[in-house]
file data.cif (mmCIF, C-alpha atoms (C1' of nucleotides))
data_entry
loop_
_atom_site.label_atom_id
_atom_site.label_comp_id
_atom_site.auth_asym_id
_atom_site.auth_seq_id
_atom_site.Cartn_x
_atom_site.Cartn_y
_atom_site.Cartn_z
CA MET N 1 28.08 3.57 13.98
CA SER N 2 25.93 1.60 16.38
CA MET N 3 23.26 4.22 16.18
CA ASP N 4 23.43 4.26 12.40
CA THR N 5 22.84 0.54 12.14
CA LYS N 6 19.99 0.68 14.60
CA GLU N 7 18.39 3.52 12.67
CA THR N 8 18.88 1.70 9.38
CA ILE N 9 17.20 -1.38 10.82
CA LEU N 10 14.31 0.68 12.15
CA SER N 11 13.65 2.38 8.85
CA ALA N 12 13.98 -0.79 6.78
CA ALA N 13 11.74 -2.66 9.20
CA ARG N 14 9.19 0.11 9.03
CA ALA N 15 9.06 0.01 5.23
CA ALA N 16 8.78 -3.79 5.27
CA ALA N 17 6.05 -3.80 7.90
CA GLN N 18 4.06 -1.19 6.01
CA ALA N 19 4.05 -3.56 3.05
CA HIS N 20 3.84 -6.98 4.71
CA GLY N 21 2.72 -6.40 8.27
CA TYR N 22 4.23 -7.60 11.52
CA GLY N 23 3.74 -11.24 10.57
CA GLY N 24 5.29 -10.72 7.15
CA LEU N 25 8.31 -8.99 8.60
CA ASN N 26 11.23 -11.42 8.64
CA PHE N 27 14.73 -11.14 10.03
CA ARG N 28 16.56 -12.66 7.09
CA ASP N 29 15.26 -10.30 4.39
CA LEU N 30 15.57 -7.40 6.76
CA ALA N 31 19.17 -8.26 7.57
CA ALA N 32 20.02 -8.59 3.87
CA GLN N 33 18.62 -5.13 3.24
CA VAL N 34 20.60 -3.64 6.09
CA GLY N 35 23.74 -5.45 5.01
CA ILE N 36 24.26 -7.63 8.08
CA LYS N 37 23.32 -11.18 8.98
CA ALA N 38 20.02 -12.15 10.52
CA ALA N 39 21.70 -13.18 13.77
CA SER N 40 23.18 -9.68 14.10
CA LEU N 41 19.75 -8.10 14.28
CA HIS N 42 19.32 -9.67 17.68
CA TYR N 43 22.20 -7.63 19.00
CA HIS N 44 20.13 -4.49 18.39
CA PHE N 45 16.67 -5.93 19.06
CA PRO N 46 16.66 -9.05 21.22
CA THR N 47 13.34 -10.39 19.90
CA LYS N 48 10.94 -9.73 17.06
CA ALA N 49 8.50 -8.30 19.58
CA ASP N 50 11.14 -5.75 20.64
CA LEU N 51 11.74 -4.75 17.05
CA GLY N 52 8.02 -4.53 16.31
CA ALA N 53 7.34 -2.37 19.32
CA ALA N 54 10.31 -0.10 18.52
CA VAL N 55 9.17 0.33 14.93
CA ALA N 56 5.58 1.09 15.92
CA LYS N 57 6.72 3.51 18.61
CA ARG N 58 8.99 5.37 16.23
CA TYR N 59 6.14 5.39 13.73
CA TRP N 60 3.66 7.19 15.95
CA GLN N 61 6.36 9.53 17.24
CA ASP N 62 7.21 10.54 13.66
CA THR N 63 3.53 10.98 12.89
CA ALA N 64 3.00 13.06 16.01
CA ALA N 65 5.93 15.27 15.00
CA ALA N 66 4.56 15.68 11.46
CA LEU N 67 1.15 16.65 12.83
CA GLU N 68 2.68 19.14 15.25
CA ALA N 69 4.73 20.62 12.42
CA MET N 70 1.60 21.03 10.38
CA ARG N 71 -0.09 22.97 13.14
CA GLY N 72 3.03 25.07 13.47
CA GLU N 73 3.23 25.91 9.79
CA MET N 74 -0.44 26.45 9.07
CA PRO N 75 -2.14 29.08 11.15
CA ASP N 76 -5.62 28.03 10.09
CA ALA N 77 -6.91 24.89 11.85
CA GLY N 78 -9.38 24.25 9.03
CA ASP N 79 -6.48 24.13 6.57
CA CYS N 80 -4.75 21.59 8.81
CA LEU N 81 -7.83 19.38 8.80
CA ARG N 82 -8.06 19.61 5.03
CA ARG N 83 -4.44 18.49 4.88
CA TYR N 84 -4.79 15.65 7.36
CA PRO N 85 -5.51 12.94 4.76
CA SER N 86 -2.20 13.75 3.05
CA ILE N 87 -0.43 11.95 5.90
CA PHE N 88 -2.15 8.74 4.85
CA ARG N 89 -1.77 9.54 1.18
CA ARG N 90 2.00 9.56 1.56
CA SER N 91 2.11 5.84 2.44
CA LEU N 92 0.22 5.01 -0.74
CA GLU N 93 2.56 7.21 -2.75
CA ASN N 94 5.44 5.23 -1.26
CA GLY N 95 4.98 1.96 -3.09
CA ASN N 96 1.28 1.52 -2.29
CA ARG N 97 2.20 0.97 1.33
CA MET N 98 -0.24 1.50 4.14
CA CYS N 99 -0.29 2.89 7.62
CA LEU N 100 1.77 0.58 9.78
CA CYS N 101 -0.78 0.69 12.55
CA SER N 102 -3.74 -0.08 10.31
CA PHE N 103 -1.95 -3.21 9.17
CA MET N 104 -1.15 -4.05 12.76
CA ALA N 105 -4.74 -3.37 13.78
CA ALA N 106 -5.74 -6.16 11.41
CA GLU N 107 -3.06 -8.39 12.94
CA PHE N 108 -4.31 -7.67 16.45
CA ASP N 109 -4.74 -11.33 17.44
CA ASP N 110 -1.12 -12.20 16.74
CA LEU N 111 0.52 -9.07 18.13
CA PRO N 112 2.72 -9.10 21.25
CA GLU N 113 1.31 -6.95 24.01
CA ALA N 114 4.09 -4.35 23.68
CA VAL N 115 3.30 -3.90 20.00
CA ARG N 116 -0.42 -3.58 20.64
CA ASP N 117 0.27 -0.76 23.05
CA GLU N 118 2.14 1.23 20.42
CA VAL N 119 -0.64 0.67 17.89
CA GLU N 120 -3.03 2.09 20.44
CA ASN N 121 -0.72 5.07 20.95
CA PHE N 122 -0.78 5.77 17.23
CA ALA N 123 -4.56 5.93 17.19
CA ASN N 124 -4.52 8.08 20.31
CA ILE N 125 -2.16 10.74 18.98
CA ASN N 126 -4.18 10.96 15.77
CA VAL N 127 -7.45 11.31 17.62
CA SER N 128 -5.99 13.87 20.02
CA TRP N 129 -4.61 16.02 17.24
CA LEU N 130 -7.83 15.83 15.24
CA SER N 131 -9.84 16.58 18.34
CA GLU N 132 -7.85 19.69 19.22
CA THR N 133 -7.78 20.86 15.65
CA LEU N 134 -11.52 20.41 15.20
CA VAL N 135 -12.13 22.54 18.27
CA ALA N 136 -9.57 25.13 17.18
CA ALA N 137 -11.30 25.35 13.82
CA GLY N 138 -14.58 25.91 15.61
CA LEU N 139 -16.10 23.04 13.68
CA THR N 140 -17.13 20.90 16.59
CA ASP N 141 -18.61 21.25 20.00
CA PRO N 142 -15.72 20.36 22.38
CA ALA N 143 -17.88 17.70 24.02
CA GLU N 144 -18.29 15.97 20.67
CA ALA N 145 -14.79 16.57 19.29
CA GLU N 146 -13.23 13.28 20.25
CA LYS N 147 -16.09 11.27 18.84
CA ARG N 148 -15.85 13.17 15.59
CA ALA N 149 -12.07 12.80 15.58
CA ARG N 150 -12.34 9.03 15.89
CA ALA N 151 -14.79 8.94 12.99
CA ILE N 152 -12.41 10.88 10.77
CA PHE N 153 -9.46 8.70 11.75
CA ALA N 154 -11.38 5.48 11.08
CA ALA N 155 -12.83 6.69 7.80
CA VAL N 156 -9.51 7.88 6.40
CA SER N 157 -7.91 4.58 7.47
CA GLY N 158 -10.63 2.71 5.62
CA ALA N 159 -10.11 4.83 2.52
CA GLN N 160 -6.43 3.98 2.54
CA LEU N 161 -7.19 0.28 2.96
CA LEU N 162 -9.57 0.21 0.01
CA ALA N 163 -7.26 2.27 -2.20
CA ARG N 164 -4.38 -0.08 -1.41
CA SER N 165 -6.44 -3.11 -2.38
CA ARG N 166 -6.82 -1.58 -5.84
CA ALA N 167 -3.35 -0.06 -5.93
CA ASP N 168 -5.18 3.08 -6.97
CA ILE N 169 -4.28 6.30 -5.24
CA THR N 170 -6.93 8.26 -7.14
CA LEU N 171 -9.49 6.11 -5.34
CA PHE N 172 -8.13 7.41 -2.03
CA ASP N 173 -8.56 10.96 -3.28
CA GLU N 174 -12.06 10.23 -4.45
CA LEU N 175 -13.01 8.73 -1.09
CA VAL N 176 -11.63 11.70 0.81
CA GLY N 177 -13.60 13.90 -1.57
CA SER N 178 -16.75 11.96 -0.73
CA TYR N 179 -16.12 12.34 2.99
CA ARG N 180 -15.89 16.08 2.45
CA GLN N 181 -19.05 16.11 0.41
CA ALA N 182 -20.86 14.17 3.09
CA GLY N 183 -19.65 16.61 5.72
CA LEU N 184 -17.42 14.24 7.69
CA LEU N 185 -14.35 16.28 6.76
CA PRO N 186 -14.33 20.05 6.29
CA GLY N 187 -14.57 20.97 2.60
CA MET Q 1 -18.23 -37.24 2.35
CA SER Q 2 -15.86 -35.46 0.04
CA MET Q 3 -18.14 -32.48 -0.07
CA ASP Q 4 -18.47 -32.47 3.69
CA THR Q 5 -14.71 -32.37 4.20
CA LYS Q 6 -14.33 -29.61 1.64
CA GLU Q 7 -17.07 -27.57 3.29
CA THR Q 8 -15.56 -28.13 6.72
CA ILE Q 9 -12.20 -26.94 5.44
CA LEU Q 10 -13.74 -23.87 3.84
CA SER Q 11 -15.55 -22.79 6.96
CA ALA Q 12 -12.63 -23.45 9.30
CA ALA Q 13 -10.28 -21.63 6.92
CA ARG Q 14 -12.64 -18.70 6.74
CA ALA Q 15 -12.75 -18.33 10.51
CA ALA Q 16 -8.97 -18.61 10.75
CA ALA Q 17 -8.36 -16.08 7.97
CA GLN Q 18 -10.74 -13.60 9.55
CA ALA Q 19 -8.58 -13.74 12.68
CA HIS Q 20 -5.07 -14.18 11.26
CA GLY Q 21 -5.25 -13.18 7.61
CA TYR Q 22 -4.12 -15.04 4.55
CA GLY Q 23 -0.51 -15.06 5.71
CA GLY Q 24 -1.47 -16.25 9.16
CA LEU Q 25 -3.62 -19.05 7.81
CA ASN Q 26 -1.77 -22.30 8.37
CA PHE Q 27 -2.39 -25.77 7.07
CA ARG Q 28 -1.37 -27.66 10.17
CA ASP Q 29 -3.75 -25.96 12.59
CA LEU Q 30 -6.44 -26.01 9.95
CA ALA Q 31 -5.95 -29.73 9.34
CA ALA Q 32 -6.04 -30.49 13.05
CA GLN Q 33 -9.33 -28.66 13.31
CA VAL Q 34 -10.79 -30.58 10.39
CA GLY Q 35 -9.44 -33.90 11.65
CA ILE Q 36 -7.05 -34.79 8.83
CA LYS Q 37 -3.34 -34.31 8.20
CA ALA Q 38 -1.92 -31.10 6.79
CA ALA Q 39 -0.82 -32.81 3.63
CA SER Q 40 -4.35 -34.04 3.02
CA LEU Q 41 -5.64 -30.51 2.64
CA HIS Q 42 -3.83 -30.33 -0.66
CA TYR Q 43 -6.06 -32.98 -2.08
CA HIS Q 44 -9.00 -30.59 -1.75
CA PHE Q 45 -7.09 -27.39 -2.45
CA PRO Q 46 -3.87 -27.92 -4.40
CA THR Q 47 -2.16 -24.79 -3.09
CA LYS Q 48 -2.70 -22.22 -0.40
CA ALA Q 49 -3.58 -19.79 -3.17
CA ASP Q 50 -6.40 -22.09 -4.29
CA LEU Q 51 -7.72 -22.34 -0.76
CA GLY Q 52 -7.44 -18.58 -0.24
CA ALA Q 53 -9.28 -17.82 -3.45
CA ALA Q 54 -12.00 -20.37 -2.66
CA VAL Q 55 -12.48 -18.96 0.84
CA ALA Q 56 -12.64 -15.38 -0.42
CA LYS Q 57 -15.02 -16.32 -3.21
CA ARG Q 58 -17.36 -18.13 -0.85
CA TYR Q 59 -17.09 -15.17 1.50
CA TRP Q 60 -18.35 -12.60 -0.99
CA GLN Q 61 -20.97 -14.99 -2.28
CA ASP Q 62 -22.33 -15.45 1.25
CA THR Q 63 -22.24 -11.71 1.79
CA ALA Q 64 -24.01 -11.06 -1.50
CA ALA Q 65 -26.71 -13.55 -0.49
CA ALA Q 66 -27.12 -11.90 2.91
CA LEU Q 67 -27.47 -8.48 1.30
CA GLU Q 68 -30.00 -9.77 -1.20
CA ALA Q 69 -31.95 -11.40 1.61
CA MET Q 70 -31.98 -8.09 3.47
CA ARG Q 71 -33.47 -6.32 0.48
CA GLY Q 72 -36.01 -9.10 0.15
CA GLU Q 73 -37.09 -8.92 3.78
CA MET Q 74 -37.09 -5.17 4.28
CA PRO Q 75 -39.29 -3.24 1.92
CA ASP Q 76 -37.76 0.11 2.87
CA ALA Q 77 -34.38 0.79 1.26
CA GLY Q 78 -33.52 3.29 3.99
CA ASP Q 79 -34.00 0.59 6.61
CA CYS Q 80 -31.64 -1.65 4.64
CA LEU Q 81 -28.98 1.04 4.64
CA ARG Q 82 -29.38 1.54 8.37
CA ARG Q 83 -28.87 -2.17 8.79
CA TYR Q 84 -25.85 -2.42 6.50
CA PRO Q 85 -23.22 -1.95 9.25
CA SER Q 86 -24.64 -4.97 11.09
CA ILE Q 87 -22.98 -7.17 8.47
CA PHE Q 88 -19.60 -5.90 9.64
CA ARG Q 89 -20.65 -5.92 13.26
CA ARG Q 90 -21.25 -9.65 13.07
CA SER Q 91 -17.54 -10.37 12.50
CA LEU Q 92 -16.61 -8.43 15.61
CA GLU Q 93 -19.27 -10.26 17.59
CA ASN Q 94 -17.69 -13.50 16.41
CA GLY Q 95 -14.49 -13.41 18.45
CA ASN Q 96 -13.42 -9.90 17.46
CA ARG Q 97 -12.84 -11.12 13.94
CA MET Q 98 -12.82 -8.84 10.97
CA CYS Q 99 -13.98 -8.80 7.40
CA LEU Q 100 -11.90 -11.32 5.54
CA CYS Q 101 -11.43 -8.99 2.63
CA SER Q 102 -10.35 -6.03 4.75
CA PHE Q 103 -7.61 -8.18 6.19
CA MET Q 104 -6.68 -9.33 2.73
CA ALA Q 105 -6.72 -5.76 1.45
CA ALA Q 106 -3.95 -5.04 3.95
CA GLU Q 107 -2.09 -8.11 2.74
CA PHE Q 108 -2.39 -7.01 -0.88
CA ASP Q 109 1.34 -7.21 -1.63
CA ASP Q 110 1.58 -10.85 -0.66
CA LEU Q 111 -1.69 -12.05 -2.15
CA PRO Q 112 -1.81 -14.40 -5.14
CA GLU Q 113 -3.55 -12.87 -8.14
CA ALA Q 114 -6.55 -15.21 -7.84
CA VAL Q 115 -7.11 -14.12 -4.24
CA ARG Q 116 -6.80 -10.45 -5.12
CA ASP Q 117 -9.54 -10.89 -7.68
CA GLU Q 118 -11.96 -12.27 -5.10
CA VAL Q 119 -11.13 -9.45 -2.69
CA GLU Q 120 -12.01 -7.05 -5.46
CA ASN Q 121 -15.26 -8.92 -6.06
CA PHE Q 122 -16.18 -8.52 -2.41
CA ALA Q 123 -15.75 -4.76 -2.60
CA ASN Q 124 -17.69 -4.69 -5.86
CA ILE Q 125 -20.75 -6.52 -4.57
CA ASN Q 126 -20.85 -4.27 -1.50
CA VAL Q 127 -20.58 -1.11 -3.57
CA SER Q 128 -23.18 -2.33 -6.07
CA TRP Q 129 -25.68 -3.19 -3.35
CA LEU Q 130 -25.12 0.10 -1.53
CA SER Q 131 -25.36 1.99 -4.78
CA GLU Q 132 -28.67 0.44 -5.77
CA THR Q 133 -30.06 0.78 -2.27
CA LEU Q 134 -29.05 4.44 -2.01
CA VAL Q 135 -30.88 5.15 -5.25
CA ALA Q 136 -33.90 3.09 -4.20
CA ALA Q 137 -34.04 5.07 -0.97
CA GLY Q 138 -33.98 8.28 -2.98
CA LEU Q 139 -31.02 9.44 -0.94
CA THR Q 140 -28.56 9.93 -3.74
CA ASP Q 141 -28.50 11.22 -7.28
CA PRO Q 142 -27.91 8.07 -9.41
CA ALA Q 143 -24.85 9.70 -11.00
CA GLU Q 144 -23.29 10.06 -7.54
CA ALA Q 145 -24.51 6.82 -6.00
CA GLU Q 146 -21.44 4.70 -6.65
CA LYS Q 147 -19.11 7.31 -5.25
CA ARG Q 148 -21.19 7.58 -2.14
CA ALA Q 149 -21.44 3.80 -1.89
CA ARG Q 150 -17.65 3.45 -1.97
CA ALA Q 151 -17.34 6.05 0.78
CA ILE Q 152 -19.77 4.15 3.02
CA PHE Q 153 -18.02 0.85 2.36
CA ALA Q 154 -14.57 2.30 3.12
CA ALA Q 155 -15.73 4.13 6.24
CA VAL Q 156 -17.50 1.12 7.74
CA SER Q 157 -14.44 -1.02 6.99
CA GLY Q 158 -12.28 1.49 8.80
CA ALA Q 159 -14.62 1.51 11.78
CA GLN Q 160 -14.37 -2.24 12.02
CA LEU Q 161 -10.57 -2.11 11.82
CA LEU Q 162 -10.30 0.44 14.62
CA ALA Q 163 -12.81 -1.37 16.82
CA ARG Q 164 -10.90 -4.63 16.38
CA SER Q 165 -7.64 -3.00 17.41
CA ARG Q 166 -9.30 -2.16 20.74
CA ALA Q 167 -11.33 -5.34 20.93
CA ASP Q 168 -14.21 -2.98 21.63
CA ILE Q 169 -17.44 -3.48 19.73
CA THR Q 170 -19.06 -0.46 21.33
CA LEU Q 171 -16.43 1.61 19.53
CA PHE Q 172 -17.75 0.25 16.25
CA ASP Q 173 -21.25 1.29 17.21
CA GLU Q 174 -20.05 4.73 18.23
CA LEU Q 175 -18.23 5.20 14.94
CA VAL Q 176 -21.25 4.17 12.92
CA GLY Q 177 -23.25 6.62 15.01
CA SER Q 178 -20.80 9.35 14.13
CA TYR Q 179 -21.05 8.54 10.44
CA ARG Q 180 -24.81 8.90 10.74
CA GLN Q 181 -24.47 12.17 12.60
CA ALA Q 182 -22.10 13.49 9.94
CA GLY Q 183 -24.55 12.49 7.24
CA LEU Q 184 -22.46 9.81 5.57
CA LEU Q 185 -25.01 7.16 6.50
CA PRO Q 186 -28.75 7.74 6.71
CA GLY Q 187 -29.83 8.38 10.29
"C1'" DA O 1 30.86 -2.82 20.85
"C1'" DC O 2 29.44 -5.22 17.03
"C1'" DC O 3 29.05 -9.05 14.01
"C1'" DT O 4 28.92 -14.00 12.25
"C1'" DG O 5 28.46 -19.25 11.14
"C1'" DA O 6 26.37 -22.93 12.60
"C1'" DA O 7 22.93 -25.11 14.84
"C1'" DC O 8 18.37 -25.60 16.96
"C1'" DA O 9 13.40 -26.58 17.12
"C1'" DC O 10 9.69 -25.42 14.59
"C1'" DC O 11 6.31 -24.97 10.73
"C1'" DG O 12 4.02 -24.53 6.01
"C1'" DT O 13 4.34 -26.75 1.56
"C1'" DT O 14 5.10 -30.23 -1.71
"C1'" DC O 15 5.06 -34.75 -3.76
"C1'" DA O 16 5.57 -39.55 -4.40
"C1'" DA O 17 3.48 -43.21 -2.53
"C1'" DG O 18 -0.01 -45.58 0.07
"C1'" DT O 19 -5.11 -47.37 0.83
"C1'" DA J 1 -11.28 -40.84 -4.29
"C1'" DC J 2 -8.87 -39.76 -0.29
"C1'" DC J 3 -5.04 -39.61 2.73
"C1'" DT J 4 -0.14 -39.75 4.55
"C1'" DG J 5 5.14 -39.85 5.55
"C1'" DA J 6 8.94 -37.73 4.56
"C1'" DA J 7 11.56 -34.29 2.49
"C1'" DC J 8 12.17 -29.49 1.71
"C1'" DA J 9 12.57 -24.52 2.53
"C1'" DC J 10 12.10 -21.15 5.81
"C1'" DC J 11 11.28 -19.10 10.37
"C1'" DG J 12 12.95 -16.80 15.04
"C1'" DT J 13 16.36 -17.70 18.10
"C1'" DT J 14 20.66 -19.00 20.52
"C1'" DC J 15 25.50 -19.11 21.31
"C1'" DA J 16 30.28 -19.67 21.01
"C1'" DA J 17 33.51 -17.46 18.41
"C1'" DG J 18 35.43 -13.77 15.72
"C1'" DT J 19 36.89 -8.60 14.89
#

call {"tool": "encode", "arguments": {"input": "data.cif", "output": "structure tokens"}}
result
Amino acid sequence: MSMDTKETILSAARAAAQAHGYGGLNFRDLAAQVGIKAASLHYHFPTKADLGAAVAKRYWQDTAAALEAMRGEMPDAGDCLRRYPSIFRRSLENGNRMCLCSFMAAEFDDLPEAVRDEVENFANINVSWLSETLVAAGLTDPAEAEKRARAIFAAVSGAQLLARSRADITLFDELVGSYRQAGLLPG
Amino acid sequence: MSMDTKETILSAARAAAQAHGYGGLNFRDLAAQVGIKAASLHYHFPTKADLGAAVAKRYWQDTAAALEAMRGEMPDAGDCLRRYPSIFRRSLENGNRMCLCSFMAAEFDDLPEAVRDEVENFANINVSWLSETLVAAGLTDPAEAEKRARAIFAAVSGAQLLARSRADITLFDELVGSYRQAGLLPG
DNA sequence: ACCTGAACACCGTTCAAGT
DNA sequence: ACCTGAACACCGTTCAAGT
């Protein structure tokens, strides 16, 4: 019961933050969606900073799990890299939302320290996975892998941001296509 | 006098929005900075939406002017393209701020229609300039220029976003370097 | 353990009214 | 033309009280 409510809060807060950011996240709307009162949220998460950090942490953990699963299911590392943008595509499919941590990256100045740390973790697990996968695919010199991984992560994030601003998911696909054509991503 | 106040508001609002976004922009702090009361701001800009649209409009107009100036000063189109990321670098240099319109792209869901339109204009003038400059540099088939231009715009935006989240401008430089290495930007 | 109503201090926004 | 006080709606948060 307790765990159910906490999980419900986490997932509702995640969806809200992917649409409105950390600043746009508010306890009253969130509580209404969960079916409790705003004051009750503080039983589960003492402060907004606690909630924000918990949401961002769960977010990168889920992403890390999805990336691991991808490597487990697809034997070819090149195939995994070709599929990587689909992780970001999914947010756009889900109500033109965006990556929680991209939104929070923009909000950097107003983020509690604990939340910033989780945003950093998100970037780190993406870069690590890309780095390892690039090397496994034999596409990059190991010494250059992390640099290349960061470039892919940043570029795909930017593609999502631009596509969101037009509410046009085909634009995301086109941008990813252009990255492939340019050689940033494996074709 | 009137024009001075309005200009002061616009420039203070721009700086604030580049750090805190449209949602984080607040009339009281802004008014204090300008030296009037919060309520007085509404004489110059009836609503926050009006202010946001005016700031975003001025922002893309300034950017368009800077890009035109670059083309005027540098005869070589390739040199202009190599310099393009410096426009985005400047925001990071200025207190780790970011492109106003990237921030607003994230805030898409909560943006008044008039503000959305100016965000779109910003992207359009960037893509147009890049497109023309790519063709002038003989780097891209005219039929493909706009697609390539959008990819550059999105990728550089993403690099700025990631660099901001680490408050690390050297990361921006590294990412731009990687884009060049990958062939997205001219070396 | 889990939730709530009521209250708190605060802040952005609006508007009628001032000069 | 330009500005303001005061009211309003909303925010995160607290806490004593309920189940």

call {"tool": "resolve_selection", "arguments": {"input": "data.cif", "expression": "the PyMOL selection byres ((chain N) within 7 of (chain Q))", "output": "short mmCIF file (atom, residue, chain, number, x, y, z; two decimals) with C-alpha atoms, in the coordinates of the input"}}
result
data_model
loop_
_atom_site.label_atom_id
_atom_site.label_comp_id
_atom_site.auth_asym_id
_atom_site.auth_seq_id
_atom_site.Cartn_x
_atom_site.Cartn_y
_atom_site.Cartn_z
CA ALA N 19 4.05 -3.56 3.05
CA HIS N 20 3.84 -6.98 4.71
CA PHE N 103 -1.95 -3.21 9.17
CA ALA N 105 -4.74 -3.37 13.78
CA ALA N 106 -5.74 -6.16 11.41
CA GLU N 107 -3.06 -8.39 12.94
CA PHE N 108 -4.31 -7.67 16.45
CA ASP N 109 -4.74 -11.33 17.44
CA LYS N 147 -16.09 11.27 18.84
CA ARG N 148 -15.85 13.17 15.59
CA ALA N 151 -14.79 8.94 12.99
CA ALA N 154 -11.38 5.48 11.08
CA ALA N 155 -12.83 6.69 7.80
CA SER N 157 -7.91 4.58 7.47
CA GLY N 158 -10.63 2.71 5.62
CA ALA N 159 -10.11 4.83 2.52
CA LEU N 161 -7.19 0.28 2.96
CA LEU N 162 -9.57 0.21 0.01
CA ARG N 164 -4.38 -0.08 -1.41
CA SER N 165 -6.44 -3.11 -2.38
CA LEU N 175 -13.01 8.73 -1.09
CA SER N 178 -16.75 11.96 -0.73
CA TYR N 179 -16.12 12.34 2.99
CA ALA N 182 -20.86 14.17 3.09
CA GLY N 183 -19.65 16.61 5.72
CA LEU N 184 -17.42 14.24 7.69
#

call {"tool": "atom_distance", "arguments": {"input": "data.cif", "atom1": "CA of Glu146 in chain N", "atom2": "CA of Thr133 in chain N"}}
result
10.4 Å

call {"tool": "interface_residues", "arguments": {"input": "data.cif", "of": "chain O", "to": "chain N", "cutoff": "12 Å", "atoms": "only C-alpha atoms (C1' of nucleotides)", "output": "PDB file with C-alpha atoms (C1' of nucleotides), in the frame of the given file"}}
result
ATOM      1  C1'  DA O   1      30.860  -2.820  20.850  1.00  0.00           C
ATOM      2  C1'  DC O   2      29.440  -5.220  17.030  1.00  0.00           C
ATOM      3  C1'  DC O   3      29.050  -9.050  14.010  1.00  0.00           C
ATOM      4  C1'  DT O   4      28.920 -14.000  12.250  1.00  0.00           C
ATOM      5  C1'  DG O   5      28.460 -19.250  11.140  1.00  0.00           C
ATOM      6  C1'  DA O   6      26.370 -22.930  12.600  1.00  0.00           C
TER       7       DA O   6
END

call {"tool": "closest_atom_pairs", "arguments": {"input": "data.cif", "of": "chain J", "to": "range 10-15 of chain O", "cutoff": "10 Å", "atoms": "all atoms listed in the file", "output": "JSON lines"}}
result
{"residue": "J:DA6", "atom": "C1'", "partner": "O:DC15", "partner_atom": "C1'", "distance": 9.7}
{"residue": "J:DA7", "atom": "C1'", "partner": "O:DT14", "partner_atom": "C1'", "distance": 8.7}
{"residue": "J:DC8", "atom": "C1'", "partner": "O:DT14", "partner_atom": "C1'", "distance": 7.9}
{"residue": "J:DA9", "atom": "C1'", "partner": "O:DT13", "partner_atom": "C1'", "distance": 8.6}
{"residue": "J:DC10", "atom": "C1'", "partner": "O:DC11", "partner_atom": "C1'", "distance": 8.5}
{"residue": "J:DC11", "atom": "C1'", "partner": "O:DC11", "partner_atom": "C1'", "distance": 7.7}
{"residue": "J:DG12", "atom": "C1'", "partner": "O:DC10", "partner_atom": "C1'", "distance": 9.2}

call {"tool": "write_last_selection", "arguments": {"input": "data.cif", "atoms": "C-alpha atoms (C1' of nucleotides)", "output": "compact mmCIF listing (two decimals), in the coordinates of the input"}}
result
# COMPACT_ATOMS: atom_id res chain seq x y z
C1' DA J 6 8.94 -37.73 4.56
C1' DA J 7 11.56 -34.29 2.49
C1' DC J 8 12.17 -29.49 1.71
C1' DA J 9 12.57 -24.52 2.53
C1' DC J 10 12.10 -21.15 5.81
C1' DC J 11 11.28 -19.10 10.37
C1' DG J 12 12.95 -16.80 15.04

call {"tool": "closest_residue", "arguments": {"input": "data.cif", "among": "Q:Leu30, Q:Ala54, Q:Val115, Q:Ala136", "to": "Cys80 in chain Q", "atoms": "all atoms listed in the file"}}
result
Q:Ala136

call {"tool": "atom_distance", "arguments": {"input": "data.cif", "atom1": "CA of Tyr84 in chain Q", "atom2": "CA of Ile169 in chain N"}}
result
26.1 Å
